[in-house]
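One file, model-v2.cif, is given below (mmCIF, C-alpha atoms and all ligand atoms).
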data_start
loop_
_atom_site.label_atom_id
_atom_site.label_comp_id
_atom_site.auth_asym_id
_atom_site.auth_seq_id
_atom_site.Cartn_x
_atom_site.Cartn_y
_atom_site.Cartn_z
CA MET A 1 74.62 79.72 105.93
CA SER A 2 76.61 80.77 102.91
CA ILE A 3 78.92 83.78 103.19
CA SER A 4 80.35 86.23 100.67
CA VAL A 5 82.76 89.11 101.13
CA LEU A 6 82.43 92.11 98.81
CA GLY A 7 85.55 94.22 98.44
CA ALA A 8 88.86 92.40 98.26
CA GLY A 9 91.10 94.92 99.95
CA ALA A 10 93.38 93.82 102.76
CA PHE A 11 90.57 93.43 105.27
CA GLY A 12 87.96 91.73 103.10
CA THR A 13 90.59 89.28 101.87
CA ALA A 14 91.80 88.53 105.40
CA LEU A 15 88.28 87.89 106.66
CA ALA A 16 87.50 85.63 103.70
CA ILE A 17 90.71 83.65 104.33
CA SER A 18 89.98 83.25 108.03
CA LEU A 19 86.38 82.16 107.48
CA ALA A 20 87.42 79.72 104.75
CA GLN A 21 90.24 78.30 106.88
CA ASP A 22 87.54 76.85 109.07
CA GLY A 23 86.23 74.95 106.02
CA ARG A 24 83.27 77.21 105.29
CA ALA A 25 82.38 77.96 101.69
CA VAL A 26 83.22 81.65 101.23
CA GLY A 27 82.89 83.82 98.11
CA LEU A 28 85.20 86.81 97.62
CA TRP A 29 84.37 89.50 95.08
CA ALA A 30 86.68 92.25 93.80
CA ARG A 31 85.82 94.93 91.27
CA ASP A 32 89.23 94.23 89.74
CA PRO A 33 90.21 90.67 90.64
CA GLY A 34 93.43 90.67 88.59
CA ASP A 35 95.00 87.21 88.84
CA MET A 36 93.46 86.37 92.23
CA ALA A 37 91.53 83.35 90.98
CA SER A 38 94.53 81.70 89.31
CA ALA A 39 97.20 82.81 91.79
CA ARG A 40 94.97 81.81 94.77
CA GLU A 41 96.34 84.88 96.55
CA ASN A 42 95.60 88.61 96.61
CA THR A 43 99.03 89.69 95.46
CA ARG A 44 98.08 93.36 95.28
CA ARG A 45 96.31 94.01 98.58
CA LEU A 46 97.36 91.16 100.90
CA PRO A 47 100.37 89.33 99.46
CA GLY A 48 101.77 86.22 101.08
CA PHE A 49 98.55 84.58 102.25
CA ALA A 50 97.33 81.63 100.18
CA PHE A 51 93.60 81.15 99.71
CA PRO A 52 92.16 78.05 101.39
CA ASP A 53 90.40 75.58 99.07
CA SER A 54 86.92 76.57 100.23
CA LEU A 55 87.42 80.23 99.18
CA THR A 56 85.98 80.98 95.74
CA VAL A 57 86.74 84.15 93.82
CA LEU A 58 83.36 85.28 92.49
CA GLU A 59 83.36 86.04 88.79
CA LYS A 60 80.61 88.62 88.94
CA ILE A 61 78.86 90.48 91.71
CA GLU A 62 75.52 88.85 90.85
CA ASP A 63 76.98 85.57 92.19
CA VAL A 64 76.52 87.02 95.67
CA GLN A 65 72.81 86.30 95.45
CA THR A 66 73.34 82.70 96.58
CA SER A 67 74.73 83.94 99.93
CA ASP A 68 72.66 84.70 103.03
CA ILE A 69 75.39 86.68 104.78
CA ILE A 70 77.29 89.40 102.93
CA LEU A 71 80.30 91.16 104.42
CA LEU A 72 80.80 94.67 103.03
CA ALA A 73 84.51 95.50 103.03
CA VAL A 74 84.69 98.52 100.74
CA PRO A 75 86.05 101.82 102.13
CA MET A 76 83.51 103.86 104.10
CA GLN A 77 83.30 106.76 101.65
CA LYS A 78 82.40 104.28 98.89
CA LEU A 79 79.75 102.37 100.83
CA ALA A 80 76.67 104.48 100.05
CA GLY A 81 77.36 104.53 96.30
CA PHE A 82 78.19 100.83 96.26
CA LEU A 83 74.93 99.91 98.02
CA ALA A 84 72.85 102.20 95.83
CA GLU A 85 74.34 100.63 92.72
CA ASN A 86 73.73 97.05 93.84
CA ALA A 87 70.68 97.35 96.11
CA THR A 88 68.58 94.83 94.17
CA LEU A 89 71.13 92.09 94.93
CA PHE A 90 70.87 92.64 98.66
CA GLN A 91 67.17 92.26 99.39
CA ASP A 92 66.50 90.27 102.59
CA LYS A 93 70.22 89.57 103.09
CA THR A 94 72.21 90.06 106.28
CA LEU A 95 74.65 92.87 105.44
CA VAL A 96 77.66 93.07 107.75
CA ALA A 97 79.55 96.36 107.42
CA CYS A 98 83.27 95.87 108.02
CA CYS A 99 84.25 99.43 107.12
CA LYS A 100 85.02 102.05 109.76
CA GLY A 101 84.00 105.65 109.38
CA VAL A 102 81.32 108.29 108.98
CA ASP A 103 80.09 109.15 105.50
CA LEU A 104 81.18 112.71 104.77
CA GLN A 105 78.28 113.53 102.50
CA SER A 106 75.44 112.38 104.76
CA GLY A 107 77.07 112.31 108.21
CA LEU A 108 75.75 108.75 108.63
CA GLY A 109 77.48 105.56 109.73
CA PRO A 110 77.23 102.22 107.91
CA ALA A 111 74.17 100.91 109.79
CA GLU A 112 71.94 103.82 108.76
CA ILE A 113 73.32 103.80 105.23
CA ILE A 114 72.39 100.12 104.92
CA GLN A 115 68.93 100.76 106.37
CA ARG A 116 68.28 103.56 103.89
CA SER A 117 69.61 101.81 100.78
CA CYS A 118 68.40 98.28 101.53
CA PRO A 119 65.40 98.49 103.89
CA SER A 120 64.65 94.76 103.66
CA ALA A 121 68.20 93.78 104.69
CA THR A 122 69.34 93.07 108.25
CA PRO A 123 72.24 95.40 109.10
CA ALA A 124 75.18 94.32 111.24
CA ILE A 125 78.54 95.86 112.17
CA LEU A 126 81.81 94.00 112.62
CA SER A 127 84.38 96.13 114.40
CA GLY A 128 87.22 95.98 116.90
CA PRO A 129 91.00 95.78 117.14
CA SER A 130 92.35 93.72 114.24
CA PHE A 131 94.91 94.25 111.53
CA ALA A 132 94.23 92.40 108.30
CA VAL A 133 97.69 90.78 108.36
CA ASP A 134 97.10 89.44 111.88
CA ILE A 135 93.78 87.90 110.89
CA ALA A 136 95.21 86.39 107.70
CA ALA A 137 98.12 84.95 109.68
CA GLY A 138 95.66 83.21 112.01
CA LEU A 139 96.73 85.21 115.07
CA PRO A 140 94.16 85.42 117.90
CA THR A 141 91.71 88.32 117.62
CA ALA A 142 88.59 89.42 119.50
CA LEU A 143 86.00 91.63 117.78
CA THR A 144 82.52 92.97 118.37
CA LEU A 145 79.61 91.96 116.16
CA ALA A 146 76.60 94.25 116.48
CA CYS A 147 73.23 93.08 115.20
CA GLU A 148 69.67 92.77 116.46
CA ASP A 149 69.13 89.14 117.51
CA GLY A 150 72.66 88.33 116.35
CA GLU A 151 73.28 84.91 117.95
CA ALA A 152 73.10 82.88 114.75
CA LEU A 153 75.26 85.45 112.95
CA GLN A 154 77.80 85.37 115.78
CA ALA A 155 78.11 81.61 115.41
CA ALA A 156 78.30 81.84 111.62
CA LEU A 157 81.19 84.34 111.65
CA SER A 158 83.25 83.13 114.61
CA THR A 159 86.38 81.22 113.63
CA LYS A 160 89.13 79.34 115.47
CA ASN A 161 91.11 82.58 115.68
CA ILE A 162 88.42 85.26 115.70
CA ARG A 163 86.39 85.38 118.89
CA LEU A 164 83.27 87.49 118.41
CA TYR A 165 81.45 89.26 121.21
CA ARG A 166 77.82 90.15 120.53
CA SER A 167 76.19 93.56 120.93
CA SER A 168 72.85 95.01 119.91
CA ASP A 169 74.20 98.60 119.91
CA LEU A 170 74.97 99.12 116.21
CA ILE A 171 75.44 102.87 116.53
CA GLY A 172 77.81 102.58 119.51
CA VAL A 173 79.91 99.90 117.83
CA GLU A 174 80.27 101.76 114.56
CA ILE A 175 81.14 105.03 116.32
CA GLY A 176 84.06 103.44 118.20
CA GLY A 177 85.58 102.11 114.97
CA ALA A 178 85.03 105.37 113.13
CA LEU A 179 86.31 107.87 115.67
CA LYS A 180 89.36 105.94 116.87
CA ASN A 181 90.89 106.58 113.44
CA VAL A 182 90.66 110.34 113.96
CA VAL A 183 92.38 110.08 117.34
CA ALA A 184 95.01 107.79 115.81
CA ILE A 185 95.88 110.47 113.24
CA ALA A 186 96.23 112.99 116.08
CA CYS A 187 98.48 110.58 118.02
CA GLY A 188 100.61 109.91 114.95
CA ILE A 189 101.04 113.65 114.44
CA ALA A 190 102.10 114.08 118.07
CA ILE A 191 104.69 111.29 117.96
CA GLY A 192 105.91 112.31 114.49
CA ALA A 193 106.37 115.91 115.61
CA GLY A 194 108.35 114.79 118.67
CA LEU A 195 105.76 115.84 121.24
CA GLY A 196 106.31 112.68 123.27
CA GLU A 197 104.41 109.70 124.61
CA SER A 198 102.80 111.65 127.44
CA ALA A 199 101.15 113.84 124.81
CA ARG A 200 99.92 110.72 123.01
CA ALA A 201 98.36 109.38 126.24
CA ALA A 202 96.65 112.75 126.74
CA LEU A 203 95.29 112.71 123.18
CA MET A 204 94.03 109.14 123.53
CA THR A 205 92.25 109.92 126.79
CA ARG A 206 90.75 113.24 125.75
CA GLY A 207 89.99 111.77 122.33
CA TYR A 208 88.07 109.03 124.10
CA ALA A 209 86.10 111.75 125.92
CA GLU A 210 85.20 113.23 122.50
CA MET A 211 84.10 109.80 121.31
CA GLN A 212 81.82 109.48 124.37
CA ARG A 213 80.28 112.91 123.78
CA TYR A 214 79.59 112.15 120.13
CA ALA A 215 78.22 108.68 120.93
CA ALA A 216 75.86 110.01 123.60
CA LEU A 217 74.33 112.51 121.17
CA LYS A 218 73.90 109.79 118.55
CA GLY A 219 71.96 107.64 121.02
CA ALA A 220 74.61 104.97 121.64
CA ASN A 221 74.70 102.91 124.82
CA SER A 222 77.22 104.55 127.17
CA ASP A 223 78.98 101.21 127.94
CA THR A 224 79.66 100.24 124.35
CA LEU A 225 82.71 102.47 123.91
CA SER A 226 84.50 100.73 126.76
CA GLY A 227 84.49 97.49 124.76
CA LEU A 228 86.56 96.08 121.91
CA SER A 229 85.10 98.36 119.25
CA GLY A 230 85.88 101.50 121.28
CA PHE A 231 88.63 101.35 123.87
CA GLY A 232 90.09 98.18 122.33
CA ASP A 233 90.50 99.56 118.84
CA LEU A 234 91.57 103.00 120.09
CA THR A 235 94.44 101.38 121.98
CA LEU A 236 95.60 99.32 119.00
CA THR A 237 95.31 102.01 116.38
CA CYS A 238 96.94 104.79 118.39
CA SER A 239 99.98 102.72 119.28
CA SER A 240 100.94 100.66 116.23
CA ALA A 241 102.80 101.70 113.10
CA LYS A 242 100.84 98.92 111.33
CA SER A 243 97.88 101.32 111.44
CA ARG A 244 97.50 103.39 108.30
CA ASN A 245 95.79 106.19 110.22
CA TYR A 246 98.55 106.37 112.83
CA SER A 247 101.26 106.11 110.15
CA PHE A 248 99.61 108.85 108.13
CA GLY A 249 99.72 111.07 111.24
CA LEU A 250 103.35 110.10 111.88
CA ALA A 251 104.35 111.18 108.36
CA LEU A 252 102.41 114.41 108.70
CA GLY A 253 103.98 115.20 112.07
CA HIS A 254 107.45 114.37 110.86
CA GLY A 255 107.07 116.34 107.64
CA ASP A 256 107.57 113.23 105.46
CA PRO A 257 105.76 112.63 102.16
CA LEU A 258 102.24 111.35 102.87
CA PRO A 259 101.44 107.75 101.91
CA GLU A 260 99.45 107.58 98.69
CA GLY A 261 96.94 105.00 97.47
CA THR A 262 96.17 103.67 100.95
CA THR A 263 92.84 103.79 102.74
CA VAL A 264 93.10 106.32 105.59
CA GLU A 265 89.54 106.44 106.86
CA GLY A 266 90.18 109.00 109.60
CA ARG A 267 90.73 111.85 107.14
CA ALA A 268 87.16 112.08 105.84
CA THR A 269 85.71 110.97 109.16
CA ALA A 270 87.49 113.80 110.99
CA LYS A 271 85.69 116.25 108.70
CA ALA A 272 82.35 114.51 109.11
CA VAL A 273 82.50 114.51 112.91
CA SER A 274 83.81 118.09 113.06
CA ASN A 275 80.86 119.20 110.94
CA PHE A 276 78.53 117.39 113.30
CA ALA A 277 80.23 118.84 116.39
CA GLN A 278 79.80 122.33 115.01
CA SER A 279 76.13 121.86 114.15
CA ALA A 280 75.32 120.08 117.44
CA ASN A 281 77.40 122.56 119.45
CA ILE A 282 79.51 119.94 121.22
CA GLU A 283 83.21 120.19 121.94
CA MET A 284 85.43 117.96 119.81
CA PRO A 285 88.66 120.00 119.80
CA ILE A 286 90.98 117.13 118.83
CA ALA A 287 88.91 116.18 115.77
CA GLN A 288 88.69 119.86 114.85
CA MET A 289 92.47 120.31 115.18
CA VAL A 290 93.07 117.26 112.97
CA VAL A 291 90.89 118.86 110.30
CA ALA A 292 92.63 122.22 110.68
CA VAL A 293 96.06 120.60 110.25
CA LEU A 294 94.91 118.44 107.31
CA ASP A 295 93.44 121.49 105.60
CA LYS A 296 96.58 123.52 106.38
CA GLN A 297 94.54 126.10 108.28
CA LEU A 298 96.90 125.64 111.24
CA THR A 299 100.45 124.41 111.66
CA ILE A 300 100.99 121.58 114.11
CA GLY A 301 102.52 124.07 116.55
CA GLN A 302 99.46 126.33 116.31
CA ALA A 303 97.13 123.35 116.82
CA VAL A 304 99.01 122.28 119.96
CA GLU A 305 98.93 125.85 121.28
CA SER A 306 95.22 126.03 120.61
CA LEU A 307 94.55 122.75 122.48
CA LEU A 308 96.68 123.78 125.46
CA SER A 309 95.18 127.24 125.77
CA ARG A 310 91.55 126.12 126.00
CA PRO A 311 89.77 127.26 129.19
CA LEU A 312 90.67 125.13 132.21
CA LYS A 313 87.93 122.69 133.18
CA GLU A 314 87.05 119.73 135.38
CA GLU A 315 87.84 116.27 134.07
N1 LIG B 1 93.17 96.71 106.79
C1 LIG B 1 92.82 96.51 108.03
O1 LIG B 1 93.67 96.05 108.84
C2 LIG B 1 91.44 96.79 108.50
C3 LIG B 1 90.55 97.51 107.73
N2 LIG B 1 89.29 97.77 108.20
C4 LIG B 1 88.36 98.56 107.44
O2 LIG B 1 88.01 97.88 106.24
C5 LIG B 1 87.68 98.83 105.23
C6 LIG B 1 88.43 98.46 103.96
O3 LIG B 1 89.81 98.58 104.30
P1 LIG B 1 90.95 97.74 103.58
O4 LIG B 1 90.46 96.44 103.10
O5 LIG B 1 92.10 97.73 104.49
O6 LIG B 1 91.25 98.71 102.35
P2 LIG B 1 92.21 98.52 101.12
O7 LIG B 1 92.75 99.87 100.85
O8 LIG B 1 93.18 97.41 101.35
O9 LIG B 1 91.24 98.09 99.95
C7 LIG B 1 90.08 98.75 99.62
C8 LIG B 1 89.37 97.86 98.63
O10 LIG B 1 88.09 98.40 98.33
C9 LIG B 1 87.92 98.31 96.93
N3 LIG B 1 87.00 99.36 96.51
C10 LIG B 1 87.15 100.69 96.59
N4 LIG B 1 86.07 101.31 96.09
C11 LIG B 1 85.24 100.34 95.67
C12 LIG B 1 83.97 100.35 95.03
N5 LIG B 1 83.34 101.48 94.76
N6 LIG B 1 83.41 99.17 94.72
C13 LIG B 1 84.03 98.02 94.99
N7 LIG B 1 85.24 97.94 95.60
C14 LIG B 1 85.82 99.10 95.91
C15 LIG B 1 89.31 98.51 96.35
O11 LIG B 1 89.34 98.01 95.04
P3 LIG B 1 90.61 98.26 94.09
O12 LIG B 1 91.67 97.32 94.62
O13 LIG B 1 90.10 97.88 92.76
O14 LIG B 1 91.00 99.70 94.24
C16 LIG B 1 90.13 97.70 97.33
O15 LIG B 1 90.18 96.36 96.97
C17 LIG B 1 88.05 100.21 105.78
O16 LIG B 1 86.90 100.87 106.20
C18 LIG B 1 88.93 99.89 106.98
O17 LIG B 1 88.83 100.85 108.00
C19 LIG B 1 88.89 97.32 109.41
C20 LIG B 1 89.73 96.59 110.21
C21 LIG B 1 91.07 96.27 109.81
O1 LIG B 2 90.98 99.32 112.02
C1 LIG B 2 92.09 98.88 112.09
C2 LIG B 2 92.60 98.12 113.25
O2 LIG B 2 91.55 97.69 114.06
C3 LIG B 2 93.06 99.17 111.01
O3 LIG B 2 93.53 100.44 111.20
P1 LIG B 2 94.05 101.32 109.99
O4 LIG B 2 92.90 101.50 109.04
O5 LIG B 2 94.51 102.59 110.62
O6 LIG B 2 95.19 100.56 109.37
#
If you took the structure in this file and wrote it as structure tokens, what would it be?
Ligand SMILES: NC(=O)C1=CN([C@@H]2O[C@H](COP(=O)(O)OP(=O)(O)OC[C@H]3O[C@@H](n4cnc5c(N)ncnc54)[C@H](OP(=O)(O)O)[C@@H]3O)[C@@H](O)[C@H]2O)C=CC1
Ligand SMILES: O=C(CO)COP(=O)(O)O
Amino acid sequence: MSISVLGAGAFGTALAISLAQDGRAVGLWARDPGDMASARENTRRLPGFAFPDSLTVLEKIEDVQTSDIILLAVPMQKLAGFLAENATLFQDKTLVACCKGVDLQSGLGPAEIIQRSCPSATPAILSGPSFAVDIAAGLPTALTLACEDGEALQAALSTKNIRLYRSSDLIGVEIGGALKNVVAIACGIAIGAGLGESARAALMTRGYAEMQRYAALKGANSDTLSGLSGFGDLTLTCSSAKSRNYSFGLALGHGDPLPEGTTVEGRATAKAVSNFAQSANIEMPIAQMVVAVLDKQLTIGQAVESLLSRPLKEE
């Protein structure tokens, strides 16, 4: 089966490199390829990793039509527009969303967005703990691939270094990847503001409880969040300065200038899930505090006070 990756940011490029390292023919498309085709490297988004011979930089997006499997690696808030613009190219394809988040405008995750824009396509979600640089460097990684009847897809996308576990719970898998970024921002804020590692552990655990509440209302399988795409990615993202979400929180907590021009998915997703929590009347205080701090409605001190003064309850 032929594979293409659309969106040549750090992650799309890393996945294309890993898949092509195994000798598969892989197409990589960027809206602005720069010198990628001649340099055989993505010097702007993932410098230092040479393209294997079997990776082709696609000249135009229409070239994707020869592929059966298409990995979508554009940022989450761009996914709906991107699919709407190119829907005719994607009929009957397997579309694997690699982005993590909830669309702010619609409140939907990638699986439903794919279903709405491209009803004849088969949606799949690739998620789990993995930094693009680790994948590109060939370091061992385990991820979750969610798809109905996904065995052939699992085989097609597994590589020497990426071990894929299969799931049929698309909603549960995408929710883990989306919401862990919100908790990672909260954890970064806590560490950046000097609140300590015990506070981070509390935020991770209570953040996980918020993820479970949200997932249950969205109809996810209750076990899915304990896997790679939930617990696994939460652990990685809340504890590593390689994470852009965590680093964004660190800068915010420390009062440093915020990183610009990087994809920090948790910002918009925090707003999307807070809106949902309000309308569904469920408690997601950590997500709501992240939004309040981002929007400067509360200082970090006021947000901490608000979290600590909530009514006492059973765990
Ligand atoms: N980086 C990582 O370690 C991981 C990332 N992810 C997820 O992958 C997704 C992408 O992240 P990542 O690759 O890191 O992001 P980057 O910030 O590295 O790159 C984003 C890429 O998307 C392109 N892009 C933006 N808008 C559009 C559009 N409308 N049409 C086509 N291309 C577009 C950008 O193009 P241009 O360069 O022209 O601006 C850029 O190449 C995110 O959802 C992220 O959560 C998941 C796991 C790991
Ligand atoms: O999703 C990721 C790790 O699994 C990457 O996290 P960041 O987007 O925070 O860098």
Contacts of Gln21 in chain A within 9 Å, only C-alpha atoms, excl. fewer than 4 positions in-chain, as a ChimeraX atom specification = /A:16-17,51-55,138,159-160
ask   = Which distance in Å separates CA of Ser240 in chain A and atom O2 of ligand LIG 1 (chain B), to one decimal?
value = 16.6 Å
request  = Grab me every residue within 7 Å of ligand LIG 1 (chain B), counting all atoms listed in the file, and send it over as a list in words.
outcome  =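 So, counting all atoms listed in the file, the residues near ligand LIG 1 (chain B) are Gly7, Ala8, Gly9, Ala10, Phe11, Gly12, Ala30, Arg31, Asp32, Arg45, Ala73, Val74, Pro75, Met76, Lys78, Gly81, Phe82, Cys98, Cys99, Lys100, Gly101, Ser127, Ser130, Phe131, Ala132, Val133, Thr262, Thr263 and Glu265 of chain A.
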For the residues in the current selection, export C-alpha atoms as a compact mmCIF listing (two decimals), in the coordinates of the input.
# COMPACT_ATOMS: atom_id res chain seq x y z
CA GLY A 7 85.55 94.22 98.44
CA ALA A 8 88.86 92.40 98.26
CA GLY A 9 91.10 94.92 99.95
CA ALA A 10 93.38 93.82 102.76
CA PHE A 11 90.57 93.43 105.27
CA GLY A 12 87.96 91.73 103.10
CA ALA A 30 86.68 92.25 93.80
CA ARG A 31 85.82 94.93 91.27
CA ASP A 32 89.23 94.23 89.74
CA ARG A 45 96.31 94.01 98.58
CA ALA A 73 84.51 95.50 103.03
CA VAL A 74 84.69 98.52 100.74
CA PRO A 75 86.05 101.82 102.13
CA MET A 76 83.51 103.86 104.10
CA LYS A 78 82.40 104.28 98.89
CA GLY A 81 77.36 104.53 96.30
CA PHE A 82 78.19 100.83 96.26
CA CYS A 98 83.27 95.87 108.02
CA CYS A 99 84.25 99.43 107.12
CA LYS A 100 85.02 102.05 109.76
CA GLY A 101 84.00 105.65 109.38
CA SER A 127 84.38 96.13 114.40
CA SER A 130 92.35 93.72 114.24
CA PHE A 131 94.91 94.25 111.53
CA ALA A 132 94.23 92.40 108.30
CA VAL A 133 97.69 90.78 108.36
CA THR A 262 96.17 103.67 100.95
CA THR A 263 92.84 103.79 102.74
CA GLU A 265 89.54 106.44 106.86
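Coordinates place CA of Asp68 in chain A at a distance of 28.5 Å from CA of Asn221 in chain A.
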request  = Enumerate, as a PyMOL selection string, the protein, DNA and RNA residues whose atoms approach (93.7, 118.6, 110.8) to within 10 Å, taking into account all atoms listed in the file and the coordinate frame of the file.
outcome  = chain A and resi 182+185-186+189+249+252+267+270-271+286-300+303
task = Could you tell me how far CA of Cys118 in chain A lies from CA of Asp22 in chain A, in Å and to one decimal?
result =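 So the two atoms, CA of Cys118 in chain A and CA of Asp22 in chain A, lie 29.7 Å apart.
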inquiry  = If the limit is 7 Å from any atom of ligand LIG 2 (chain B), counting all atoms listed in the file, which residues qualify? Return them as a ChimeraX atom specification.
reply    = /A:100,128-131,177,181,233,236-237,242-246,263-265
File of the preceding selection, C-alpha atoms, as a PDB file, in the coordinates of the input:
ATOM      1  CA  LYS A 100      85.020 102.050 109.760  1.00  0.00           C
ATOM      2  CA  GLY A 128      87.220  95.980 116.900  1.00  0.00           C
ATOM      3  CA  PRO A 129      91.000  95.780 117.140  1.00  0.00           C
ATOM      4  CA  SER A 130      92.350  93.720 114.240  1.00  0.00           C
ATOM      5  CA  PHE A 131      94.910  94.250 111.530  1.00  0.00           C
ATOM      6  CA  GLY A 177      85.580 102.110 114.970  1.00  0.00           C
ATOM      7  CA  ASN A 181      90.890 106.580 113.440  1.00  0.00           C
ATOM      8  CA  ASP A 233      90.500  99.560 118.840  1.00  0.00           C
ATOM      9  CA  LEU A 236      95.600  99.320 119.000  1.00  0.00           C
ATOM     10  CA  THR A 237      95.310 102.010 116.380  1.00  0.00           C
ATOM     11  CA  LYS A 242     100.840  98.920 111.330  1.00  0.00           C
ATOM     12  CA  SER A 243      97.880 101.320 111.440  1.00  0.00           C
ATOM     13  CA  ARG A 244      97.500 103.390 108.300  1.00  0.00           C
ATOM     14  CA  ASN A 245      95.790 106.190 110.220  1.00  0.00           C
ATOM     15  CA  TYR A 246      98.550 106.370 112.830  1.00  0.00           C
ATOM     16  CA  THR A 263      92.840 103.790 102.740  1.00  0.00           C
ATOM     17  CA  VAL A 264      93.100 106.320 105.590  1.00  0.00           C
ATOM     18  CA  GLU A 265      89.540 106.440 106.860  1.00  0.00           C
TER      19      GLU A 265
END
ask   = Taking into account only C-alpha atoms, which residue in the set A:Leu28, A:Ala142, A:Val173, A:Ala201 is nearest to Gly109 in chain A?
value =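 Of the candidates, the smallest distance to Gly109 in chain A is held by A:Val173.
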Selected residue, from A:Glu85, A:Asp103, A:Asp223, A:Glu62, that lies nearest to Asn275 in chain A when counting only C-alpha atoms =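 Using only C-alpha atoms, the shortest distance to Asn275 in chain A belongs to A:Asp103.
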query = Hey, which of A:Leu157, A:Cys187, A:Ala193, A:Ala124 ends up closest to Thr235 in chain A? Count only C-alpha atoms.
reply = A:Cys187
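Of the residues listed (A:Pro311, A:Gly176, A:Pro110, A:Gly188), A:Gly176 shows the shortest atom-to-atom separation from Ala220 in chain A; distances use all atoms listed in the file.
Distances here use all atoms listed in the file; by that measure, the residue among A:Leu250, A:Leu258, A:Ala80, A:Ile282 closest to Ser106 in chain A is A:Ala80.
Nearest residue to Ile171 in chain A, choosing from A:Leu217, A:Met1, A:Ala251, A:Ala209 and counting all atoms listed in the file: A:Leu217.
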key: Residue list as a count of residues only for point (82.3, 80.5, 103.8), cut-off 7 Å, all atoms listed in the file   = 10
